[in-house]
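Working notes for the structure below.
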Amino acid sequence: MAIEMLYFAWVRESVGVGQERVDPPADVTSVSELIDWLGRSSAGHARAFEDRSRLRAAVDQVFVPLDALLGQAGEVAIFPPVTGG
């Protein structure tokens, strides 16, 4: 299942791209597992994903916890916590 990954703010800077299309293995079923799998793909991904407390996610443009199941997700966004002002 191909997933369009979107990265924002310092996550994008660490990974080195704002978006990429990935095809995780079938045993990757949650956002957290996807982050684990991506973290092994490059030093930039590993750096961006090393502190999970600094990450938030959205699946198909809906905010979700990192342990959320992917289901048939077409898009997953990873970004730092959003603050208001």
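Residues in the structure tokens are named by chain (A, B, ... in the order shown) and by number from 1 within that chain; ligands are numbered from 1 in the order shown.
Every protein or nucleic acid residue with an atom no more than 8 Å from Leu70 of chain A, counting only C-alpha atoms and leaving out same-chain residues fewer than 2 positions away, appears here: Thr29, Ser30, Val31, Val59, Ala68, Gln72 and Ala73 of chain A.
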Practice task
Could you pull out the residues in chain A that DSSP calls strand (DSSP E or B) from the backbone, as a VMD selection string?
Solution key: chain A and resid 3 to 7 19 to 22 30 56 to 59 62 to 64 69 75 to 79
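Nearest to Ala2 of chain A of all the residues A:Val28, A:Leu69, A:Val62, A:Ala57 is A:Val28, counting only C-alpha atoms.
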Handout entry: Between atom CA of Glu75 of chain A and atom CA of Leu6 of chain A - distance in Å to one decimal
Key =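 Interatomic distance here is 7.4 Å.
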Practice task
Would you kindly return, as a ChimeraX atom specification, each protein, DNA or RNA residue with an atom no farther than 9 Å from any atom of Phe79 of chain A, considering only C-alpha atoms and excluding same-chain residues fewer than 4 positions away?
Solution key: /A:6-12,54-58
Handout entry: alpha helix (DSSP H) positions in chain A, given as number ranges by chain
Key = A: 9-15, 31-39, 43-49
Residue subset to file, keeping C-alpha atoms, as a PDB file, in the first residue's frame:
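That gives us part11.pdb:
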```pdb
ATOM      1  CA  ALA A   9       8.546  22.465  10.005  1.00  0.00           C
ATOM      2  CA  TRP A  10      11.709  21.025  11.593  1.00  0.00           C
ATOM      3  CA  VAL A  11      10.594  17.473  10.734  1.00  0.00           C
ATOM      4  CA  ARG A  12      10.811  18.419   7.036  1.00  0.00           C
ATOM      5  CA  GLU A  13      14.219  20.000   7.582  1.00  0.00           C
ATOM      6  CA  SER A  14      15.561  16.891   9.342  1.00  0.00           C
ATOM      7  CA  VAL A  15      14.188  14.426   6.795  1.00  0.00           C
ATOM      8  CA  VAL A  31       1.455   5.349  12.527  1.00  0.00           C
ATOM      9  CA  SER A  32       4.007   4.424  15.195  1.00  0.00           C
ATOM     10  CA  GLU A  33       5.155   1.366  13.226  1.00  0.00           C
ATOM     11  CA  LEU A  34       5.365   3.522  10.108  1.00  0.00           C
ATOM     12  CA  ILE A  35       7.568   5.999  11.979  1.00  0.00           C
ATOM     13  CA  ASP A  36       9.770   3.116  13.199  1.00  0.00           C
ATOM     14  CA  TRP A  37      10.098   1.766   9.655  1.00  0.00           C
ATOM     15  CA  LEU A  38      10.851   5.189   8.178  1.00  0.00           C
ATOM     16  CA  GLY A  39      13.356   5.908  10.951  1.00  0.00           C
ATOM     17  CA  ALA A  43      19.917   9.327   9.142  1.00  0.00           C
ATOM     18  CA  GLY A  44      17.588  12.292   8.555  1.00  0.00           C
ATOM     19  CA  HIS A  45      14.492  10.217   9.244  1.00  0.00           C
ATOM     20  CA  ALA A  46      16.117   8.728  12.350  1.00  0.00           C
ATOM     21  CA  ARG A  47      17.003  12.207  13.630  1.00  0.00           C
ATOM     22  CA  ALA A  48      13.494  13.570  12.980  1.00  0.00           C
ATOM     23  CA  PHE A  49      11.739  10.654  14.677  1.00  0.00           C
TER      24      PHE A  49
END
```
Handout entry: Selection: 6 Å around Arg21 of chain A, only C-alpha atoms, excl. self and same-chain fewer than 3 positions, as a list in words
Key = Ile3, Glu4 and Met5 of chain A
With N, CA and C atoms kept, could you save the residues just selected as a compact mmCIF listing (two decimals), in the first residue's frame?
```txt
# COMPACT_ATOMS: atom_id res chain seq x y z
N ILE A 3 1.78 5.12 0.44
CA ILE A 3 1.31 6.21 1.29
C ILE A 3 2.09 7.47 0.93
N GLU A 4 1.39 8.56 0.77
CA GLU A 4 2.03 9.85 0.56
C GLU A 4 2.36 10.44 1.93
N MET A 5 3.64 10.61 2.21
CA MET A 5 4.09 11.16 3.49
C MET A 5 4.31 12.66 3.32
```
Handout entry: Gap from atom CA of Pro80 of chain A to atom CA of Asp27 of chain A - Å, one decimal
Key =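 Spanning atom CA of Pro80 of chain A to atom CA of Asp27 of chain A is a straight-line distance of 25.8 Å.
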Completion exercise
What separates atom CA of Val22 of chain A and atom CA of Pro81 of chain A is a distance of 23.3 Å
Handout entry: Nearest candidate to Arg40 of chain A (options A:Gly74, A:Val64, A:Pro24, A:Ser53; using only C-alpha atoms)
Key =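 Among the listed residues, A:Pro24 lies closest to Arg40 of chain A.
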